[in-house]
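Structure file protein35.tsv with TSV, C-alpha atoms:
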chain	number	residue	atom	x	y	z
A	192	MET	CA	10.50	-35.66	86.18
A	193	GLN	CA	12.56	-32.74	87.40
A	194	ASP	CA	14.62	-30.98	84.74
A	195	ILE	CA	18.39	-30.67	85.16
A	196	HIS	CA	20.01	-27.22	85.05
A	197	LEU	CA	23.66	-27.74	85.86
A	198	PRO	CA	26.10	-24.90	85.15
A	199	GLY	CA	29.42	-25.87	83.59
A	200	THR	CA	32.76	-25.74	85.42
A	201	THR	CA	36.32	-25.90	84.10
A	202	SER	CA	36.21	-29.68	84.40
A	203	THR	CA	32.54	-30.50	83.79
A	204	PRO	CA	30.10	-29.57	81.02
A	205	SER	CA	26.87	-27.68	81.59
A	206	ILE	CA	23.80	-29.91	81.40
A	207	GLN	CA	20.34	-28.60	80.50
A	208	THR	CA	17.24	-30.73	80.06
A	209	ASP	CA	13.76	-29.63	79.00
A	210	TRP	CA	10.97	-32.15	79.44
A	211	GLN	CA	8.52	-29.98	77.45
A	212	SER	CA	10.57	-29.81	74.27
A	213	GLY	CA	12.51	-33.03	74.76
A	214	ARG	CA	15.80	-31.17	74.36
A	215	VAL	CA	18.94	-32.05	76.26
A	216	SER	CA	22.19	-30.14	75.82
A	217	LEU	CA	25.71	-30.68	77.11
A	218	CYS	CA	28.31	-28.00	76.59
A	219	GLY	CA	32.00	-27.72	77.55
A	220	ASP	CA	34.84	-30.03	78.60
A	221	SER	CA	34.25	-33.20	80.56
A	222	TYR	CA	36.83	-34.20	83.16
A	223	PRO	CA	34.74	-35.07	86.21
A	224	GLU	CA	36.49	-36.84	89.07
A	225	ASP	CA	33.74	-39.45	89.12
A	226	ALA	CA	32.15	-39.68	85.67
A	227	PHE	CA	29.59	-42.27	86.79
A	228	GLU	CA	28.33	-40.07	89.60
A	229	PHE	CA	28.32	-37.02	87.34
A	230	PHE	CA	26.43	-38.59	84.41
A	231	GLU	CA	24.07	-40.85	86.36
A	232	PRO	CA	21.30	-38.24	86.86
A	233	LEU	CA	21.40	-37.42	83.13
A	234	LEU	CA	21.20	-41.09	82.12
A	235	ASN	CA	18.29	-41.55	84.53
A	236	TRP	CA	16.53	-38.49	83.14
A	237	ILE	CA	16.94	-39.65	79.54
A	238	ASN	CA	15.81	-43.21	80.30
A	239	GLY	CA	12.85	-41.78	82.21
A	240	TYR	CA	11.98	-39.48	79.33
A	241	VAL	CA	12.03	-42.16	76.63
A	242	ALA	CA	10.04	-44.49	78.90
A	243	ILE	CA	7.32	-41.98	79.75
A	244	SER	CA	7.12	-39.24	77.13
A	245	GLU	CA	5.65	-39.80	73.71
A	246	SER	CA	7.58	-36.86	72.25
A	247	PRO	CA	10.94	-37.10	70.47
A	248	LEU	CA	14.24	-36.71	72.32
A	249	ILE	CA	16.90	-34.40	70.88
A	250	LEU	CA	20.37	-34.50	72.41
A	251	GLU	CA	22.66	-31.59	71.52
A	252	LEU	CA	26.34	-31.90	72.33
A	253	SER	CA	28.99	-29.18	72.23
A	254	LEU	CA	31.74	-31.13	73.91
A	255	LEU	CA	35.40	-30.49	73.34
A	256	TYR	CA	37.71	-32.52	75.59
A	257	ILE	CA	36.40	-35.63	77.28
A	258	ASN	CA	38.27	-37.93	79.64
A	259	THR	CA	38.19	-41.68	79.22
A	260	SER	CA	35.52	-42.41	81.83
A	261	SER	CA	33.28	-39.71	80.30
A	262	ILE	CA	33.72	-41.40	76.91
A	263	ARG	CA	32.55	-44.59	78.59
A	264	MET	CA	29.47	-42.86	80.01
A	265	LEU	CA	28.62	-41.30	76.65
A	266	MET	CA	28.88	-44.72	75.00
A	267	ASP	CA	26.42	-46.06	77.59
A	268	LEU	CA	24.13	-43.10	76.95
A	269	PHE	CA	24.23	-43.71	73.19
A	270	ASP	CA	23.56	-47.42	73.79
A	271	ASP	CA	20.44	-46.45	75.77
A	272	MET	CA	19.35	-44.15	72.95
A	273	GLU	CA	20.00	-46.93	70.44
A	274	SER	CA	17.78	-49.31	72.43
A	275	ALA	CA	15.04	-46.67	72.59
A	276	HIS	CA	15.36	-46.13	68.85
A	277	ARG	CA	15.06	-49.86	68.17
A	278	ALA	CA	11.97	-49.90	70.39
A	279	GLY	CA	10.39	-47.33	68.06
A	280	LYS	CA	11.06	-44.13	70.04
A	281	LYS	CA	12.09	-40.97	68.19
A	282	VAL	CA	15.60	-40.06	69.38
A	283	SER	CA	18.23	-37.98	67.61
A	284	LEU	CA	21.60	-36.41	68.32
A	285	ILE	CA	23.42	-33.34	67.03
A	286	TRP	CA	27.12	-32.98	67.84
A	287	TYR	CA	28.33	-29.40	67.26
A	288	TYR	CA	31.98	-28.51	66.79
A	289	ASP	CA	33.85	-25.25	66.08
A	290	ALA	CA	35.75	-24.67	62.86
A	291	GLU	CA	39.04	-24.39	64.77
A	292	ASN	CA	38.52	-27.84	66.27
A	293	GLU	CA	37.98	-29.95	63.17
A	294	ARG	CA	39.48	-32.96	64.92
A	295	VAL	CA	36.52	-33.12	67.30
A	296	ALA	CA	34.39	-33.97	64.25
A	297	GLU	CA	36.50	-37.09	63.63
A	298	LEU	CA	35.91	-38.18	67.21
A	299	ALA	CA	32.17	-37.61	66.95
A	300	GLU	CA	32.25	-39.86	63.88
A	301	GLU	CA	33.91	-42.57	65.97
A	302	PHE	CA	31.09	-42.33	68.50
A	303	ARG	CA	28.53	-42.58	65.72
A	304	GLU	CA	29.82	-45.93	64.50
A	305	ASP	CA	27.37	-48.20	66.35
A	306	CYS	CA	24.37	-45.85	66.26
A	307	THR	CA	21.55	-46.32	63.79
A	308	PHE	CA	19.42	-43.44	65.17
A	309	PRO	CA	19.81	-39.99	63.50
A	310	PHE	CA	23.27	-38.74	64.57
A	311	VAL	CA	24.50	-35.52	62.90
A	312	VAL	CA	27.92	-33.92	63.27
A	313	LEU	CA	27.61	-30.18	62.53
A	314	LYS	CA	30.12	-27.37	62.21
A	315	ARG	CA	28.90	-24.45	64.32
A	316	GLN	CA	28.50	-21.28	62.30
A	317	SER	CA	30.36	-18.51	64.07
B	149	MET	CA	16.56	-100.45	67.92
B	150	ALA	CA	14.44	-102.01	65.18
B	151	ASP	CA	15.60	-105.49	66.32
B	152	MET	CA	14.49	-104.71	69.88
B	153	GLN	CA	11.05	-103.56	68.70
B	154	GLU	CA	10.68	-106.74	66.64
B	155	LEU	CA	11.69	-108.84	69.66
B	156	GLU	CA	9.14	-107.00	71.86
B	157	VAL	CA	6.40	-107.61	69.31
B	158	ASP	CA	7.36	-111.33	69.16
B	159	ILE	CA	7.36	-111.65	72.97
B	160	ASP	CA	4.01	-109.80	73.32
B	161	GLY	CA	2.65	-112.22	70.68
B	162	LEU	CA	3.91	-115.25	72.60
B	163	LEU	CA	2.57	-113.95	75.92
B	164	ALA	CA	-0.86	-113.34	74.37
B	165	ASP	CA	-0.95	-116.74	72.66
B	166	PRO	CA	-3.44	-118.97	74.60
B	167	ALA	CA	-1.27	-121.99	73.68
B	168	TRP	CA	1.40	-120.84	76.15
B	169	GLN	CA	-0.87	-119.84	79.03
B	170	GLY	CA	0.08	-121.85	82.11
B	171	HIS	CA	3.55	-122.65	80.75
B	172	PRO	CA	6.13	-122.33	83.61
B	173	LEU	CA	8.10	-119.67	81.67
B	174	HIS	CA	5.02	-117.59	80.74
B	175	HIS	CA	4.77	-115.78	84.10
B	176	ALA	CA	8.55	-115.14	84.39
B	177	LEU	CA	8.70	-113.72	80.83
B	178	GLY	CA	5.69	-111.50	81.57
B	179	VAL	CA	7.39	-110.01	84.70
B	180	LEU	CA	10.71	-109.59	82.86
B	181	MET	CA	8.96	-107.75	80.05
B	182	GLU	CA	7.33	-105.33	82.52
B	183	ARG	CA	10.70	-104.63	84.24
B	184	HIS	CA	12.25	-104.07	80.85
B	185	ARG	CA	9.57	-101.51	79.92
B	186	ASP	CA	10.01	-99.66	83.28
B	187	LEU	CA	13.75	-99.39	82.79
B	188	LEU	CA	13.26	-98.15	79.26
B	189	ARG	CA	10.90	-95.38	80.48
B	190	GLN	CA	13.38	-94.33	83.17
B	191	LEU	CA	16.19	-94.24	80.65
B	192	GLU	CA	14.12	-92.02	78.38
B	193	ARG	CA	13.33	-89.61	81.24
B	194	ILE	CA	16.98	-89.37	82.26
B	195	THR	CA	18.01	-88.75	78.66
B	196	HIS	CA	15.36	-86.04	78.32
B	197	ILE	CA	16.47	-84.29	81.55
B	198	ALA	CA	20.13	-84.51	80.54
B	199	ASP	CA	19.31	-83.01	77.14
B	200	ARG	CA	17.50	-80.08	78.77
B	201	TYR	CA	20.41	-79.43	81.11
B	202	GLN	CA	22.79	-79.45	78.23
B	203	GLY	CA	20.56	-77.09	76.25
B	204	ALA	CA	20.34	-74.62	79.17
B	205	GLU	CA	24.11	-74.71	79.72
B	206	HIS	CA	24.67	-74.11	76.04
B	207	GLU	CA	22.36	-71.08	76.07
B	208	ARG	CA	24.07	-69.72	79.17
B	209	GLY	CA	27.44	-70.12	77.47
B	210	MET	CA	26.18	-68.34	74.38
B	211	SER	CA	24.85	-65.37	76.37
B	212	TYR	CA	28.18	-65.09	78.23
B	213	CYS	CA	29.91	-65.18	74.89
B	214	GLN	CA	27.64	-62.49	73.44
B	215	ARG	CA	28.10	-60.27	76.48
B	216	TYR	CA	31.85	-60.80	76.32
B	217	GLU	CA	31.89	-59.91	72.59
B	218	LYS	CA	29.83	-56.79	73.25
B	219	GLN	CA	32.03	-55.63	76.09
B	220	LEU	CA	35.17	-56.34	74.11
B	221	HIS	CA	33.80	-54.28	71.24
B	222	GLN	CA	32.93	-51.43	73.59
B	223	LEU	CA	36.36	-51.57	75.19
B	224	GLU	CA	38.06	-51.47	71.81
B	225	ARG	CA	36.07	-48.40	70.81
B	226	LEU	CA	36.73	-46.76	74.15
B	227	LEU	CA	40.47	-47.23	73.73
B	228	ARG	CA	40.39	-45.97	70.15
B	229	ILE	CA	38.44	-42.82	71.02
B	230	SER	CA	40.50	-42.18	74.13
B	231	ASP	CA	43.75	-42.56	72.19
B	232	ARG	CA	42.55	-40.07	69.61
B	233	TYR	CA	41.69	-37.57	72.32
B	234	GLN	CA	45.17	-37.95	73.69
B	235	GLN	CA	46.63	-37.37	70.23
B	236	ILE	CA	44.60	-34.18	69.93
B	237	MET	CA	45.80	-33.03	73.35
B	238	ARG	CA	49.39	-33.81	72.48
B	239	ARG	CA	49.25	-31.85	69.21
B	240	GLN	CA	47.55	-28.98	71.04
B	241	HIS	CA	50.26	-29.08	73.67
B	242	GLU	CA	52.97	-28.97	70.98
B	243	GLU	CA	51.31	-25.99	69.31
B	244	LEU	CA	51.02	-24.11	72.60
B	245	ARG	CA	54.61	-24.91	73.50
B	246	GLN	CA	55.75	-23.63	70.11
B	247	GLN	CA	53.68	-20.47	70.60
B	248	SER	CA	55.06	-19.90	74.07
B	249	THR	CA	58.71	-20.19	73.00
B	250	HIS	CA	58.74	-18.86	69.45
B	251	ASP	CA	58.19	-15.55	67.72
B	252	PRO	CA	55.30	-16.05	65.28
B	253	LEU	CA	56.71	-13.73	62.60
B	254	THR	CA	60.30	-14.92	62.31
B	255	GLY	CA	60.01	-18.39	63.81
B	256	LEU	CA	62.99	-17.55	66.04
B	257	TYR	CA	62.91	-18.08	69.80
B	258	ASN	CA	61.04	-15.28	71.57
B	259	ARG	CA	62.26	-13.07	74.39
B	260	ARG	CA	60.70	-15.25	77.09
B	261	TYR	CA	62.51	-18.35	75.85
B	262	MET	CA	65.82	-16.46	75.49
B	263	GLN	CA	65.57	-15.23	79.08
B	264	ARG	CA	65.06	-18.78	80.30
B	265	ARG	CA	67.87	-20.03	78.10
B	266	LEU	CA	70.16	-17.30	79.38
B	267	HIS	CA	69.45	-18.53	82.89
B	268	GLU	CA	70.16	-22.16	81.90
B	269	GLU	CA	73.42	-21.18	80.20
B	270	ALA	CA	74.38	-19.28	83.34
B	271	LEU	CA	73.96	-22.48	85.36
B	272	LYS	CA	76.17	-24.33	82.87
B	273	LEU	CA	78.78	-21.61	83.21
B	274	GLY	CA	79.00	-22.44	86.87
B	275	ARG	CA	80.01	-26.00	85.94
B	276	HIS	CA	82.56	-25.15	83.22
B	277	GLN	CA	84.42	-22.18	84.54
B	278	ASP	CA	87.30	-22.58	82.11
B	279	GLN	CA	85.03	-21.71	79.17
B	280	LEU	CA	84.03	-18.31	77.91
B	281	PHE	CA	80.45	-17.51	77.04
B	282	SER	CA	79.53	-14.74	74.62
B	283	VAL	CA	76.33	-12.83	73.99
B	284	VAL	CA	75.54	-10.68	70.95
B	285	LEU	CA	72.88	-8.03	70.53
B	286	ALA	CA	72.18	-7.03	66.94
B	287	ASP	CA	69.81	-4.36	65.67
B	288	ILE	CA	68.64	-3.47	62.16
B	289	ASP	CA	69.80	0.05	61.24
B	290	HIS	CA	67.13	2.66	60.47
B	291	PHE	CA	64.38	0.06	60.63
B	292	LYS	CA	61.78	2.70	61.36
B	293	ALA	CA	62.65	4.30	58.03
B	294	VAL	CA	62.11	0.95	56.27
B	295	ASN	CA	58.64	0.72	57.83
B	296	ASP	CA	57.84	4.38	57.11
B	297	THR	CA	59.05	4.26	53.50
B	298	PHE	CA	57.95	0.81	52.37
B	299	GLY	CA	55.20	-0.06	54.85
B	300	HIS	CA	54.98	-2.53	57.70
B	301	ASN	CA	54.50	-5.56	55.45
B	302	THR	CA	57.86	-4.89	53.86
B	303	GLY	CA	59.31	-4.30	57.33
B	304	ASP	CA	58.00	-7.73	58.35
B	305	ALA	CA	59.48	-9.29	55.19
B	306	VAL	CA	62.88	-7.78	56.07
B	307	LEU	CA	62.66	-9.13	59.63
B	308	MET	CA	61.86	-12.60	58.31
B	309	GLU	CA	64.73	-12.54	55.84
B	310	VAL	CA	67.19	-11.26	58.47
B	311	ALA	CA	66.07	-14.07	60.81
B	312	ARG	CA	66.57	-16.63	58.04
B	313	ARG	CA	70.10	-15.33	57.33
B	314	PHE	CA	70.96	-15.44	61.02
B	315	VAL	CA	69.85	-19.05	61.34
B	316	LEU	CA	71.76	-20.06	58.20
B	317	ASN	CA	74.97	-18.40	59.36
B	318	ILE	CA	75.32	-19.35	63.01
B	319	ARG	CA	76.86	-22.54	64.36
B	320	LYS	CA	74.55	-25.35	65.37
B	321	TYR	CA	75.12	-24.90	69.09
B	322	ASP	CA	74.51	-21.13	68.96
B	323	VAL	CA	71.06	-19.90	69.99
B	324	CYS	CA	69.28	-17.08	68.18
B	325	GLY	CA	66.18	-15.22	69.31
B	326	ARG	CA	64.15	-12.11	68.57
B	327	TRP	CA	64.85	-9.92	71.56
B	328	GLY	CA	62.67	-6.94	70.67
B	329	GLY	CA	61.15	-5.24	67.58
B	330	GLU	CA	64.17	-5.28	65.27
B	331	GLU	CA	66.65	-6.48	67.86
B	332	PHE	CA	68.14	-9.99	67.94
B	333	LEU	CA	69.99	-11.80	70.70
B	334	LEU	CA	72.59	-14.48	70.07
B	335	LEU	CA	73.94	-16.79	72.76
B	336	LEU	CA	77.30	-18.25	71.82
B	337	PRO	CA	78.42	-20.98	74.22
B	338	SER	CA	82.13	-21.83	74.55
B	339	THR	CA	83.02	-18.78	72.51
B	340	THR	CA	85.89	-16.35	73.11
B	341	GLU	CA	85.63	-12.63	72.40
B	342	ALA	CA	87.67	-13.06	69.23
B	343	GLN	CA	85.36	-15.83	67.99
B	344	ALA	CA	82.29	-13.78	68.88
B	345	TYR	CA	83.69	-10.90	66.88
B	346	ARG	CA	84.12	-13.19	63.84
B	347	VAL	CA	80.53	-14.48	64.15
B	348	CYS	CA	79.24	-10.87	64.30
B	349	GLU	CA	81.42	-9.61	61.47
B	350	ASN	CA	80.31	-12.49	59.25
B	351	LEU	CA	76.63	-11.81	60.00
B	352	ARG	CA	77.13	-8.05	59.46
B	353	ARG	CA	78.61	-8.75	56.02
B	354	VAL	CA	75.87	-11.29	55.06
B	355	ILE	CA	73.05	-8.95	56.13
B	356	SER	CA	74.48	-5.93	54.29
B	357	GLU	CA	75.13	-7.95	51.10
B	358	THR	CA	71.61	-9.42	50.97
B	359	GLN	CA	69.07	-7.98	48.56
B	360	TYR	CA	65.71	-7.68	50.35
B	361	ARG	CA	62.41	-7.74	48.50
B	362	GLY	CA	59.53	-5.56	49.56
B	363	THR	CA	55.93	-6.70	49.27
B	364	ASP	CA	55.55	-4.69	46.04
B	365	GLY	CA	58.60	-6.36	44.54
B	366	GLN	CA	60.95	-3.43	45.13
B	367	SER	CA	64.44	-4.31	46.28
B	368	LEU	CA	66.12	-2.67	49.24
B	369	ALA	CA	69.24	-3.03	51.34
B	370	VAL	CA	69.59	-2.94	55.11
B	371	SER	CA	72.49	-3.09	57.49
B	372	MET	CA	72.82	-4.10	61.12
B	373	SER	CA	74.85	-2.97	64.09
B	374	PHE	CA	76.32	-5.50	66.53
B	375	GLY	CA	77.43	-5.34	70.14
B	376	TYR	CA	78.86	-8.29	72.04
B	377	GLY	CA	80.43	-9.24	75.32
B	378	SER	CA	81.94	-12.35	76.89
B	379	CYS	CA	82.12	-13.71	80.39
B	380	ARG	CA	83.50	-16.63	82.36
B	381	ALA	CA	81.42	-16.57	85.53
B	382	VAL	CA	77.69	-16.78	86.27
B	383	GLU	CA	77.59	-13.53	88.17
B	384	ASP	CA	79.00	-11.68	85.14
B	385	LEU	CA	76.30	-12.83	82.72
B	386	GLU	CA	73.85	-10.04	83.48
B	387	ASN	CA	76.68	-7.57	83.27
B	388	THR	CA	77.81	-9.03	79.94
B	389	LEU	CA	74.35	-8.53	78.50
B	390	LYS	CA	74.55	-4.89	79.59
B	391	LYS	CA	78.03	-4.68	78.06
B	392	ALA	CA	76.73	-6.05	74.74
B	393	ASP	CA	73.88	-3.54	74.89
B	394	SER	CA	76.15	-0.58	75.41
B	395	ALA	CA	78.51	-1.92	72.72
B	396	LEU	CA	75.52	-2.03	70.35
B	397	TYR	CA	74.70	1.54	71.30
B	398	ASP	CA	78.33	2.40	70.59
B	399	ALA	CA	78.15	0.74	67.14
B	400	LYS	CA	75.03	2.78	66.37
B	401	ARG	CA	76.63	5.99	67.58
B	402	THR	CA	79.81	5.49	65.58
B	403	GLY	CA	78.18	5.06	62.21
B	404	ARG	CA	76.10	1.81	62.19
B	405	ASN	CA	76.69	-1.29	59.99
B	406	ARG	CA	79.52	-2.24	62.32
B	407	VAL	CA	80.52	-4.57	65.13
B	408	SER	CA	81.52	-3.13	68.48
B	409	PRO	CA	83.91	-3.51	70.13
B	410	VAL	CA	86.27	-4.00	67.20
B	411	ILE	CA	89.12	-6.40	67.85
B	412	GLU	CA	91.96	-4.65	66.08
B	413	ASP	CA	94.22	-7.64	65.42
B	414	GLU	CA	91.30	-9.63	63.98
B	415	VAL	CA	90.22	-7.06	61.45
B	416	GLY	CA	92.99	-7.86	59.01
B	417	THR	CA	92.21	-11.57	58.91
B	418	ILE	CA	88.59	-11.16	57.82
Please express the file's structure as structure tokens.
Amino acid sequence: MQDIHLPGTTSTPSIQTDWQSGRVSLCGDSYPEDAFEFFEPLLNWINGYVAISESPLILELSLLYINTSSIRMLMDLFDDMESAHRAGKKVSLIWYYDAENERVAELAEEFREDCTFPFVVLKRQS
Amino acid sequence: MADMQELEVDIDGLLADPAWQGHPLHHALGVLMERHRDLLRQLERITHIADRYQGAEHERGMSYCQRYEKQLHQLERLLRISDRYQQIMRRQHEELRQQSTHDPLTGLYNRRYMQRRLHEEALKLGRHQDQLFSVVLADIDHFKAVNDTFGHNTGDAVLMEVARRFVLNIRKYDVCGRWGGEEFLLLLPSTTEAQAYRVCENLRRVISETQYRGTDGQSLAVSMSFGYGSCRAVEDLENTLKKADSALYDAKRTGRNRVSPVIEDEVGTI
């Protein structure tokens, strides 16, 4: 499957995927006009990866502000990862936040609520 | 049900008994028994089919219910997370607004805010032409010497204390801002020249009577010079600010720690 290399804009995060290492990273703010359209390729890539690859999937997030429809898409993405985890796949998530945005950590915790796969919220060392 | 089974066994027994073969009722009873068994089989089939339908409907209902519960849960979480994001944005907005309108050191309004406020007050002046509006420019005397002698931290401490005294000693509808380094601007709505003079003279006295503490604990005294002006019309506001500025310059030139212009007949009453 083709990797995604999407540069970030003021309203959308950058998206990088690497099939070889199983790493996916999202970085920035997320206010796309159409969140479904924006996130669909990523969800497809991740579902494709967990279906085909035997290697673990690591999702790294450095997201700051997220609009409501992006929250919805992330919840769907985490649901997909949860299903993969329950099916025995190795999936994990690291959510990075900056020291000056401690409140983002509280939000990441909210997202974590329904996830039983490894989900770490980490303060980024500056 | 048990009675029925007993009756069937009895009838089968009678039908099989050779003693009743050829009896006129034997044939009719045999046919009736067969019809009865057919109907019973049909009834059982219908019951079985009805049970399966009911079971399927029940399962369908349960899956709808589960899906509904799941979506409700997701919606609740979505709302909660979204609300928290909005709270963060709102707090961030408040902080930025505070930063854009306030001086971080003294907590007073900054120059940008005071300029906007001056403009707003000018618009109000247009509506209430019978009222006088006064502006005051005040400057700490020899502030450079304070910084040079005691250091900038002490200079900052003096600025903070002066700001605090200003806020404590102005009326609630007066507006006070930091206009420049050690210069403060006061906007006094509905205030005559005589009243503006009294406000300035009171502040001058308070500032000069205050004991200031340096960062090393040393105590020092400072004084301030004041210039003010008043106007009645919008077009004069800019001019009045210039008037207050030159009055301040005058107060500095004529010895500092004073209010300029002096209103002679007011001096005695203070």
Using all atoms listed in the file, find each residue of chain B with at least one atom at most 12 Å away from an atom of chain A; report its shortest atom-to-atom pair and that distance in Å (one decimal), sort the rows by chain and rising residue number, and return the result as JSON lines.
{"residue": "B:Lys218", "atom": "CA", "partner": "A:Asp270", "partner_atom": "CA", "distance": 11.3}
{"residue": "B:Gln219", "atom": "CA", "partner": "A:Asp267", "partner_atom": "CA", "distance": 11.2}
{"residue": "B:His221", "atom": "CA", "partner": "A:Asp305", "partner_atom": "CA", "distance": 10.1}
{"residue": "B:Gln222", "atom": "CA", "partner": "A:Met266", "partner_atom": "CA", "distance": 8.0}
{"residue": "B:Leu223", "atom": "CA", "partner": "A:Arg263", "partner_atom": "CA", "distance": 8.6}
{"residue": "B:Glu224", "atom": "CA", "partner": "A:Arg263", "partner_atom": "CA", "distance": 11.1}
{"residue": "B:Arg225", "atom": "CA", "partner": "A:Glu301", "partner_atom": "CA", "distance": 7.9}
{"residue": "B:Leu226", "atom": "CA", "partner": "A:Arg263", "partner_atom": "CA", "distance": 6.5}
{"residue": "B:Leu227", "atom": "CA", "partner": "A:Thr259", "partner_atom": "CA", "distance": 8.1}
{"residue": "B:Arg228", "atom": "CA", "partner": "A:Glu301", "partner_atom": "CA", "distance": 8.4}
{"residue": "B:Ile229", "atom": "CA", "partner": "A:Leu298", "partner_atom": "CA", "distance": 6.5}
{"residue": "B:Ser230", "atom": "CA", "partner": "A:Thr259", "partner_atom": "CA", "distance": 5.6}
{"residue": "B:Asp231", "atom": "CA", "partner": "A:Thr259", "partner_atom": "CA", "distance": 9.0}
{"residue": "B:Arg232", "atom": "CA", "partner": "A:Leu298", "partner_atom": "CA", "distance": 7.3}
{"residue": "B:Tyr233", "atom": "CA", "partner": "A:Tyr256", "partner_atom": "CA", "distance": 7.2}
{"residue": "B:Gln234", "atom": "CA", "partner": "A:Asn258", "partner_atom": "CA", "distance": 9.1}
{"residue": "B:Gln235", "atom": "CA", "partner": "A:Arg294", "partner_atom": "CA", "distance": 9.9}
{"residue": "B:Ile236", "atom": "CA", "partner": "A:Arg294", "partner_atom": "CA", "distance": 7.3}
{"residue": "B:Met237", "atom": "CA", "partner": "A:Tyr256", "partner_atom": "CA", "distance": 8.4}
{"residue": "B:Arg239", "atom": "CA", "partner": "A:Arg294", "partner_atom": "CA", "distance": 10.7}
{"residue": "B:Gln240", "atom": "CA", "partner": "A:Asn292", "partner_atom": "CA", "distance": 10.3}
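With atom CA of B:Lys272 on one side and atom CA of B:Ser378 on the other, the separation reads 14.6 Å.
Proximity of B:Arg404, B:Lys320, B:Arg183, B:Arg260 to B:Gln246, computed with all atoms listed in the file, is greatest for B:Arg260.
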Between atom CA of A:Ile237 and atom CA of A:Leu250, what distance in Å does the model show, to one decimal?
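The value is 9.4 Å.
Of the residues listed (A:Gln316, A:Gln211, A:Ser216, A:Ser221), A:Gln211 shows the shortest atom-to-atom separation from A:Ser246; distances use all atoms listed in the file.
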Would you mind listing what lies within 8 Å of stretch 326-339 of chain B as a list of chain:residue names, with all atoms listed in the file counted and same-chain residues fewer than 2 positions away left out?
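Listed by chain and then number, they are B:Asp251, B:Thr254, B:Leu256, B:Tyr257, B:Asn258, B:Arg259, B:Met262, B:Leu266, B:Glu269, B:Gln279, B:Leu280, B:Phe281, B:Ser282, B:Val283, B:Val284, B:Leu285, B:Ala286, B:Asp287, B:Ile288, B:Phe291, B:Leu307, B:Tyr321, B:Asp322, B:Val323, B:Cys324, B:Glu341, B:Gln343, B:Ala344, B:Ser378.
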All heavy atoms for stretch 282-286 of chain B, written as a CSV table (one decimal), keeping the file's coordinate frame, could you do that?
chain,number,residue,atom,x,y,z
B,282,SER,N,79.7,-16.1,75.2
B,282,SER,CA,79.5,-14.7,74.6
B,282,SER,C,78.1,-14.5,74.3
B,282,SER,O,77.3,-15.4,73.9
B,282,SER,CB,80.4,-14.6,73.3
B,282,SER,OG,81.7,-14.7,73.7
B,283,VAL,N,77.7,-13.2,74.4
B,283,VAL,CA,76.3,-12.8,74.0
B,283,VAL,C,76.4,-11.7,73.0
B,283,VAL,O,77.3,-10.9,73.1
B,283,VAL,CB,75.4,-12.4,75.2
B,283,VAL,CG1,75.2,-13.5,76.1
B,283,VAL,CG2,76.0,-11.2,75.9
B,284,VAL,N,75.5,-11.7,72.0
B,284,VAL,CA,75.5,-10.7,71.0
B,284,VAL,C,74.2,-10.0,70.9
B,284,VAL,O,73.2,-10.7,70.9
B,284,VAL,CB,75.9,-11.3,69.6
B,284,VAL,CG1,75.8,-10.3,68.5
B,284,VAL,CG2,77.2,-12.0,69.6
B,285,LEU,N,74.1,-8.7,70.8
B,285,LEU,CA,72.9,-8.0,70.5
B,285,LEU,C,73.0,-7.4,69.2
B,285,LEU,O,74.1,-6.7,68.9
B,285,LEU,CB,72.6,-7.0,71.6
B,285,LEU,CG,71.9,-7.5,72.9
B,285,LEU,CD1,71.9,-6.4,73.9
B,285,LEU,CD2,70.5,-8.0,72.6
B,286,ALA,N,72.1,-7.6,68.3
B,286,ALA,CA,72.2,-7.0,66.9
B,286,ALA,C,70.9,-6.3,66.6
B,286,ALA,O,69.8,-6.8,67.0
B,286,ALA,CB,72.4,-8.2,65.9
